[in-house]
Amino acid sequence: MTLASFVPESINLPNVLQDTITLSLGVFYEALPFVILGIILSVLVQIYLPASVLFKILPKNSFKKRATLSVSGFLMPVCECGNVPLARGLMSKGLRPQDVLTFLLAAPIINPVTMLTTSQAFPNHPAILITRVLAAFFIANFVGWLFSNIHKKDLVTESFEKHCSDISHLEVAKKTSKPLVQLKDFSQRFAGELENLLPALVTGSLIAGLIQTAIPRTWILSLSSEPVLAIFAMIVLAFVVAVCASVDAFFALSLSGIFPISAIIAFLVFGPMIDIKMLSLLRTTFKPKALATLTLVIFMCSFAIGLGAHYVL
Amino acid sequence: MYYRQIGKLSAGLFCLVILNLFITGQLTLYIHPRYVLFTVSMVTAAFIFLIISLRKYDNKKLRYKLTDLIVVIMALVALILPASTLSYQTATNRLQSTKLSESTPDISSYDSFSQDFTHFDIVDWATLLSSQPPDNLVVGKNAKFYGFIFSDGDANKYIARFKLSCCAVDATPLTVRLTNNDLTNTLDIGAWYEVEGKFIKENNQFLINLNTVKRIDEPEEPYVY
């Protein structure tokens, strides 16, 4: 017997409402497994990766440390949604938020899956892949450097600081525990983190679905004729569509007939770093002012890179 | 005291809904088939961890936010509402000149079988038309395929199917415009049809001049991937 036995076969809702629900659930169902994977990795980091080992692996020099973190997506090819819980796990281990931001921003692009799909989608334009990867590396490290002198309490929320403090207390308990107790501990941490992130993911998905039906895509696409407006339009589209970084190149390909390459590049750089769903997830950890600054900086960098690509490519 | 763990229960409910969609073959109405195995594995693992983490008594303070309420409502909506495909209104919203391939079509390869285009479905035709082929490759060719009907703001009618790259949110309509007023006027917007006709070119656009139309049920796999 399936759940279908308990639900009606059809409910006639207005198309707009039905599509909003379908789109919101589409975003949610696509992102949820990545968030779950991210939480599993995050809890594994919390329990089994001693902070001393983490700091031994990473270079001491801030620039080198951020550069290393920004290419670590090669080892953990999780999409942007999954990187949020993983980043929370790294911060709970004592990594500075500004350093973890470089990982959060670069890893969705500088990873083998995204790079492969980008090259598959644009086999005749290798410059798109190269520009995308270099831009992600540059923006992530620029943001890390820009935020480097900001105090932690101005970046992360009090609730997240409390969460980190709670976790450090739990760590003492796990060292002496038996496998079954450890499984219980793992599950408790997993469920706690899922409870923290689920409202943000659902809200972000709902907003993404609402905007999809409220704003006709043809409005955004009508800006394609003028290069500067086209770059702006594609950045807005990336923010609204909130499509997974691992396949966004195929979505961008479908628009390459009407948008110039410069706008496609801006879309592929901005989207994996910031979109509605990501902002909602990041809000669980970072303060609104920090997120507003982050969004503005990434927007300006992506726009500048798109504009540069317009004149160079 | 399980009500104190409403977050875990909502998450568990979402897991059950997703597993149910998988069992009933409807998960691909929301996500691309390539994600199905990964999704089911992760959701099953999450469900197990959530069950293990449940406690009969939880001394956590009852202090819920609006977003927690939204989660509960969405979980119930996902449970109660039957899975649904995107409607023709989204196709109208997203009508655009879609490009489906970066490669320039190799005309010689089309010529080798150009006498028989009957095996072309809407994906093949939309891919070919998006690559701006020479007129002689398309005009006069017979086409027969199925899709749903929608219209643009100017009352032109199209036949279409949605193509998913990742999930429903990036669904892009693959469209072919229809003509022959006697027949197009009989087509109901949103309904699925099998159409047959010959390609013509008008105002720099390829259209199918309809010969026959047959109303069909929505297929089990309405999207293309």
# chains A, B, ... in the order shown; residues from 1 in each chain; ligands from 1
>>> residues_around(residues="stretch 153-161 of chain B", least_positions_apart="3", cutoff="10 Å", atoms="only C-alpha atoms", output="VMD selection string")
chain B and resid 88 91 to 93 95 122 to 123 126 145 to 150 164 171 to 179 181 184 to 185 187 to 195 207 to 208 222 to 224
>>> interface_residues(of="chain A", to="chain B", cutoff="6 Å", atoms="only C-alpha atoms", output="list in words")
Val7, Asp19, Leu23, Gly26, Pro33, Ser187, Gln188, Ala191, Glu195, Pro199, Pro216, Arg217, Ser254 and Gly257 of chain A
>>> closest_residue(among="A:Pro227, A:Gly308, A:Gly271, A:Pro123", to="A:Leu105", atoms="only C-alpha atoms")
A:Gly271
>>> residues_around(residues="stretch 238-248 of chain A", least_positions_apart="2", cutoff="7 Å", atoms="only C-alpha atoms", output="PDB file with N, CA and C atoms, in the first residue's frame")
ATOM      1  N   CYS A  79      26.937  19.868  -4.789  1.00  0.00           N
ATOM      2  CA  CYS A  79      26.459  21.129  -5.363  1.00  0.00           C
ATOM      3  C   CYS A  79      26.277  22.172  -4.264  1.00  0.00           C
ATOM      4  N   GLU A  80      25.871  23.377  -4.666  1.00  0.00           N
ATOM      5  CA  GLU A  80      25.884  24.508  -3.727  1.00  0.00           C
ATOM      6  C   GLU A  80      25.019  24.286  -2.485  1.00  0.00           C
ATOM      7  N   PRO A 108      31.087  25.007  -5.838  1.00  0.00           N
ATOM      8  CA  PRO A 108      30.065  24.551  -6.795  1.00  0.00           C
ATOM      9  C   PRO A 108      30.533  24.631  -8.253  1.00  0.00           C
ATOM     10  N   ILE A 109      31.514  25.509  -8.540  1.00  0.00           N
ATOM     11  CA  ILE A 109      31.989  25.659  -9.923  1.00  0.00           C
ATOM     12  C   ILE A 109      33.293  24.895 -10.144  1.00  0.00           C
ATOM     13  N   VAL A 113      32.376  17.681 -11.673  1.00  0.00           N
ATOM     14  CA  VAL A 113      31.056  17.482 -12.279  1.00  0.00           C
ATOM     15  C   VAL A 113      30.625  18.736 -13.054  1.00  0.00           C
ATOM     16  N   THR A 114      30.713  19.885 -12.402  1.00  0.00           N
ATOM     17  CA  THR A 114      30.306  21.135 -13.054  1.00  0.00           C
ATOM     18  C   THR A 114      31.186  21.434 -14.269  1.00  0.00           C
ATOM     19  N   THR A 117      30.169  19.095 -17.184  1.00  0.00           N
ATOM     20  CA  THR A 117      28.894  19.439 -17.832  1.00  0.00           C
ATOM     21  C   THR A 117      29.011  20.764 -18.608  1.00  0.00           C
ATOM     22  N   ALA A 208      11.212  30.661  -4.830  1.00  0.00           N
ATOM     23  CA  ALA A 208      11.677  30.428  -6.213  1.00  0.00           C
ATOM     24  C   ALA A 208      10.491  30.037  -7.103  1.00  0.00           C
ATOM     25  N   ILE A 211       8.146  33.123  -7.717  1.00  0.00           N
ATOM     26  CA  ILE A 211       8.691  34.108  -8.661  1.00  0.00           C
ATOM     27  C   ILE A 211       8.620  33.571 -10.092  1.00  0.00           C
ATOM     28  N   MET A 234      20.532  38.089 -17.395  1.00  0.00           N
ATOM     29  CA  MET A 234      20.943  36.704 -17.114  1.00  0.00           C
ATOM     30  C   MET A 234      21.333  36.522 -15.650  1.00  0.00           C
ATOM     31  N   ILE A 235      21.889  37.572 -15.036  1.00  0.00           N
ATOM     32  CA  ILE A 235      22.206  37.483 -13.599  1.00  0.00           C
ATOM     33  C   ILE A 235      20.897  37.394 -12.800  1.00  0.00           C
ATOM     34  N   VAL A 236      19.935  38.218 -13.184  1.00  0.00           N
ATOM     35  CA  VAL A 236      18.624  38.173 -12.513  1.00  0.00           C
ATOM     36  C   VAL A 236      17.993  36.789 -12.702  1.00  0.00           C
ATOM     37  N   PHE A 250      23.532  23.420 -19.135  1.00  0.00           N
ATOM     38  CA  PHE A 250      22.564  22.969 -20.147  1.00  0.00           C
ATOM     39  C   PHE A 250      21.380  23.933 -20.225  1.00  0.00           C
ATOM     40  N   PHE A 251      21.011  24.466 -19.063  1.00  0.00           N
ATOM     41  CA  PHE A 251      19.945  25.470 -19.054  1.00  0.00           C
ATOM     42  C   PHE A 251      20.417  26.721 -19.808  1.00  0.00           C
ATOM     43  N   ALA A 252      21.667  27.119 -19.531  1.00  0.00           N
ATOM     44  CA  ALA A 252      22.218  28.305 -20.208  1.00  0.00           C
ATOM     45  C   ALA A 252      22.308  28.068 -21.713  1.00  0.00           C
ATOM     46  N   PHE A 267      25.816  34.508 -16.136  1.00  0.00           N
ATOM     47  CA  PHE A 267      24.833  33.570 -15.563  1.00  0.00           C
ATOM     48  C   PHE A 267      25.554  32.402 -14.880  1.00  0.00           C
ATOM     49  N   PHE A 270      27.502  33.734 -11.637  1.00  0.00           N
ATOM     50  CA  PHE A 270      26.698  34.246 -10.513  1.00  0.00           C
ATOM     51  C   PHE A 270      25.825  33.149  -9.888  1.00  0.00           C
ATOM     52  N   GLY A 271      25.129  32.388 -10.737  1.00  0.00           N
ATOM     53  CA  GLY A 271      24.119  31.433 -10.263  1.00  0.00           C
ATOM     54  C   GLY A 271      24.572  30.471  -9.181  1.00  0.00           C
ATOM     55  N   PRO A 272      25.716  29.791  -9.365  1.00  0.00           N
ATOM     56  CA  PRO A 272      26.130  28.824  -8.338  1.00  0.00           C
ATOM     57  C   PRO A 272      26.520  29.480  -7.011  1.00  0.00           C
ATOM     58  N   ILE A 274      25.168  32.643  -5.719  1.00  0.00           N
ATOM     59  CA  ILE A 274      24.022  33.264  -5.032  1.00  0.00           C
ATOM     60  C   ILE A 274      22.750  33.044  -5.845  1.00  0.00           C
ATOM     61  N   ASP A 275      21.733  32.546  -5.195  1.00  0.00           N
ATOM     62  CA  ASP A 275      20.382  32.556  -5.763  1.00  0.00           C
ATOM     63  C   ASP A 275      19.396  32.560  -4.595  1.00  0.00           C
ATOM     64  N   ILE A 276      18.129  32.568  -4.910  1.00  0.00           N
ATOM     65  CA  ILE A 276      17.111  32.679  -3.850  1.00  0.00           C
ATOM     66  C   ILE A 276      17.251  31.560  -2.820  1.00  0.00           C
ATOM     67  N   LYS A 277      17.386  30.344  -3.335  1.00  0.00           N
ATOM     68  CA  LYS A 277      17.446  29.173  -2.459  1.00  0.00           C
ATOM     69  C   LYS A 277      18.709  29.219  -1.593  1.00  0.00           C
TER      70      LYS A 277
ATOM     71  N   SER B 165      16.298  19.662 -17.714  1.00  0.00           N
ATOM     72  CA  SER B 165      17.739  19.439 -17.578  1.00  0.00           C
ATOM     73  C   SER B 165      18.058  18.958 -16.179  1.00  0.00           C
ATOM     74  N   CYS B 166      17.306  19.457 -15.212  1.00  0.00           N
ATOM     75  CA  CYS B 166      17.637  19.216 -13.807  1.00  0.00           C
ATOM     76  C   CYS B 166      16.364  18.930 -13.016  1.00  0.00           C
ATOM     77  N   VAL B 169      11.826  23.211 -12.430  1.00  0.00           N
ATOM     78  CA  VAL B 169      12.013  24.660 -12.481  1.00  0.00           C
ATOM     79  C   VAL B 169      12.748  25.096 -13.754  1.00  0.00           C
ATOM     80  N   ASP B 170      13.550  24.212 -14.346  1.00  0.00           N
ATOM     81  CA  ASP B 170      14.249  24.622 -15.578  1.00  0.00           C
ATOM     82  C   ASP B 170      13.564  24.056 -16.825  1.00  0.00           C
TER      83      ASP B 170
END
>>> residues_around(residues="A:Ala263", least_positions_apart="3", cutoff="9 Å", atoms="only C-alpha atoms", output="list in words")
Ser224, Pro227, Val228, Leu229, Ala230, Ile231, Phe232, Ala233, Met234, Ile235, Ser256, Phe259, Pro260, Ala266, Phe267, Leu268, Phe303, Gly306, Leu307, Ala309 and His310 of chain A
>>> select_by_dssp(residues="stretch 104-221 of chain B", states="helix (DSSP H, G or I)", output="PDB file with N, CA and C atoms, in the first residue's frame")
ATOM      1  N   ILE B 107      24.436  18.820 -42.541  1.00  0.00           N
ATOM      2  CA  ILE B 107      23.336  18.683 -43.491  1.00  0.00           C
ATOM      3  C   ILE B 107      23.414  17.354 -44.244  1.00  0.00           C
ATOM      4  N   SER B 108      24.640  16.918 -44.543  1.00  0.00           N
ATOM      5  CA  SER B 108      24.778  15.664 -45.295  1.00  0.00           C
ATOM      6  C   SER B 108      24.183  14.493 -44.514  1.00  0.00           C
ATOM      7  N   SER B 109      24.323  14.547 -43.168  1.00  0.00           N
ATOM      8  CA  SER B 109      23.789  13.444 -42.371  1.00  0.00           C
ATOM      9  C   SER B 109      22.260  13.438 -42.408  1.00  0.00           C
ATOM     10  N   TYR B 110      21.650  14.635 -42.493  1.00  0.00           N
ATOM     11  CA  TYR B 110      20.200  14.685 -42.618  1.00  0.00           C
ATOM     12  C   TYR B 110      19.779  14.198 -44.010  1.00  0.00           C
ATOM     13  N   ASP B 111      20.596  14.623 -45.030  1.00  0.00           N
ATOM     14  CA  ASP B 111      20.242  14.255 -46.392  1.00  0.00           C
ATOM     15  C   ASP B 111      20.182  12.747 -46.581  1.00  0.00           C
ATOM     16  N   ILE B 122       9.059  15.242 -31.503  1.00  0.00           N
ATOM     17  CA  ILE B 122       9.111  16.703 -31.321  1.00  0.00           C
ATOM     18  C   ILE B 122      10.508  17.167 -30.890  1.00  0.00           C
ATOM     19  N   VAL B 123      11.238  16.301 -30.188  1.00  0.00           N
ATOM     20  CA  VAL B 123      12.590  16.672 -29.752  1.00  0.00           C
ATOM     21  C   VAL B 123      13.483  16.822 -30.979  1.00  0.00           C
ATOM     22  N   ASP B 124      13.400  15.834 -31.898  1.00  0.00           N
ATOM     23  CA  ASP B 124      14.230  15.884 -33.103  1.00  0.00           C
ATOM     24  C   ASP B 124      13.913  17.133 -33.928  1.00  0.00           C
ATOM     25  N   TRP B 125      12.618  17.388 -34.100  1.00  0.00           N
ATOM     26  CA  TRP B 125      12.230  18.537 -34.909  1.00  0.00           C
ATOM     27  C   TRP B 125      12.632  19.845 -34.239  1.00  0.00           C
ATOM     28  N   ALA B 126      12.391  19.959 -32.947  1.00  0.00           N
ATOM     29  CA  ALA B 126      12.729  21.206 -32.247  1.00  0.00           C
ATOM     30  C   ALA B 126      14.237  21.435 -32.283  1.00  0.00           C
ATOM     31  N   THR B 127      15.015  20.352 -32.148  1.00  0.00           N
ATOM     32  CA  THR B 127      16.473  20.474 -32.202  1.00  0.00           C
ATOM     33  C   THR B 127      16.898  20.945 -33.589  1.00  0.00           C
ATOM     34  N   LEU B 128      16.306  20.330 -34.614  1.00  0.00           N
ATOM     35  CA  LEU B 128      16.656  20.698 -35.989  1.00  0.00           C
ATOM     36  C   LEU B 128      16.261  22.153 -36.265  1.00  0.00           C
ATOM     37  N   LEU B 129      15.043  22.532 -35.876  1.00  0.00           N
ATOM     38  CA  LEU B 129      14.567  23.884 -36.180  1.00  0.00           C
ATOM     39  C   LEU B 129      15.360  24.949 -35.423  1.00  0.00           C
ATOM     40  N   SER B 130      15.830  24.601 -34.204  1.00  0.00           N
ATOM     41  CA  SER B 130      16.577  25.593 -33.415  1.00  0.00           C
ATOM     42  C   SER B 130      17.949  25.863 -34.012  1.00  0.00           C
ATOM     43  N   ASP B 135      16.105  26.040 -45.746  1.00  0.00           N
ATOM     44  CA  ASP B 135      14.681  25.802 -45.997  1.00  0.00           C
ATOM     45  C   ASP B 135      14.413  24.437 -46.633  1.00  0.00           C
ATOM     46  N   ASN B 136      15.273  24.069 -47.619  1.00  0.00           N
ATOM     47  CA  ASN B 136      14.975  22.838 -48.371  1.00  0.00           C
ATOM     48  C   ASN B 136      15.084  21.575 -47.516  1.00  0.00           C
ATOM     49  N   LEU B 137      15.708  21.727 -46.349  1.00  0.00           N
ATOM     50  CA  LEU B 137      15.813  20.564 -45.464  1.00  0.00           C
ATOM     51  C   LEU B 137      14.513  20.308 -44.705  1.00  0.00           C
ATOM     52  N   VAL B 138      13.723  21.350 -44.554  1.00  0.00           N
ATOM     53  CA  VAL B 138      12.528  21.245 -43.701  1.00  0.00           C
ATOM     54  C   VAL B 138      11.222  21.386 -44.501  1.00  0.00           C
ATOM     55  N   ALA B 168      11.890  20.473 -12.469  1.00  0.00           N
ATOM     56  CA  ALA B 168      10.768  21.156 -13.138  1.00  0.00           C
ATOM     57  C   ALA B 168      11.019  22.646 -13.314  1.00  0.00           C
ATOM     58  N   VAL B 169      11.826  23.211 -12.430  1.00  0.00           N
ATOM     59  CA  VAL B 169      12.013  24.660 -12.481  1.00  0.00           C
ATOM     60  C   VAL B 169      12.748  25.096 -13.754  1.00  0.00           C
ATOM     61  N   ASP B 170      13.550  24.212 -14.346  1.00  0.00           N
ATOM     62  CA  ASP B 170      14.249  24.622 -15.578  1.00  0.00           C
ATOM     63  C   ASP B 170      13.564  24.056 -16.825  1.00  0.00           C
ATOM     64  N   ASN B 181      -6.141  27.019 -40.106  1.00  0.00           N
ATOM     65  CA  ASN B 181      -7.146  27.539 -39.172  1.00  0.00           C
ATOM     66  C   ASN B 181      -8.301  26.587 -38.904  1.00  0.00           C
ATOM     67  N   ASP B 182      -8.711  25.838 -39.951  1.00  0.00           N
ATOM     68  CA  ASP B 182      -9.847  24.929 -39.753  1.00  0.00           C
ATOM     69  C   ASP B 182      -9.546  23.926 -38.645  1.00  0.00           C
ATOM     70  N   LEU B 183      -8.316  23.441 -38.647  1.00  0.00           N
ATOM     71  CA  LEU B 183      -7.956  22.427 -37.644  1.00  0.00           C
ATOM     72  C   LEU B 183      -7.437  23.041 -36.348  1.00  0.00           C
ATOM     73  N   THR B 184      -6.618  24.084 -36.454  1.00  0.00           N
ATOM     74  CA  THR B 184      -6.053  24.670 -35.215  1.00  0.00           C
ATOM     75  C   THR B 184      -7.163  25.221 -34.319  1.00  0.00           C
TER      76      THR B 184
END
>>> select_by_dssp(residues="stretch 13-204 of chain B", states="strand (DSSP E)", output="ChimeraX atom specification")
/B:142-151,157-163,172-179,192-202
>>> residues_around(residues="B:Gly197", least_positions_apart="6", cutoff="7 Å", atoms="only C-alpha atoms", output="compact mmCIF listing (two decimals) with N, CA and C atoms, in the first residue's frame")
# COMPACT_ATOMS: atom_id res chain seq x y z
N ASN B 142 7.11 15.75 -44.17
CA ASN B 142 6.00 15.29 -43.34
C ASN B 142 6.43 15.16 -41.89
N ALA B 143 5.56 15.49 -40.98
CA ALA B 143 5.88 15.32 -39.55
C ALA B 143 4.68 14.74 -38.84
N LYS B 144 4.96 13.85 -37.89
CA LYS B 144 3.88 13.28 -37.09
C LYS B 144 4.42 13.02 -35.69
N ILE B 208 3.97 23.81 -39.03
CA ILE B 208 3.35 22.60 -39.58
C ILE B 208 1.95 22.96 -40.07
N ASN B 209 1.74 22.72 -41.35
CA ASN B 209 0.39 22.88 -41.91
C ASN B 209 -0.36 21.57 -41.66
N LEU B 210 -1.29 21.61 -40.73
CA LEU B 210 -1.90 20.37 -40.24
C LEU B 210 -2.75 19.64 -41.28
N ASN B 211 -2.60 18.33 -41.30
CA ASN B 211 -3.50 17.49 -42.10
C ASN B 211 -4.52 16.79 -41.21
N THR B 212 -3.99 16.19 -40.12
CA THR B 212 -4.88 15.49 -39.19
C THR B 212 -4.48 15.80 -37.75
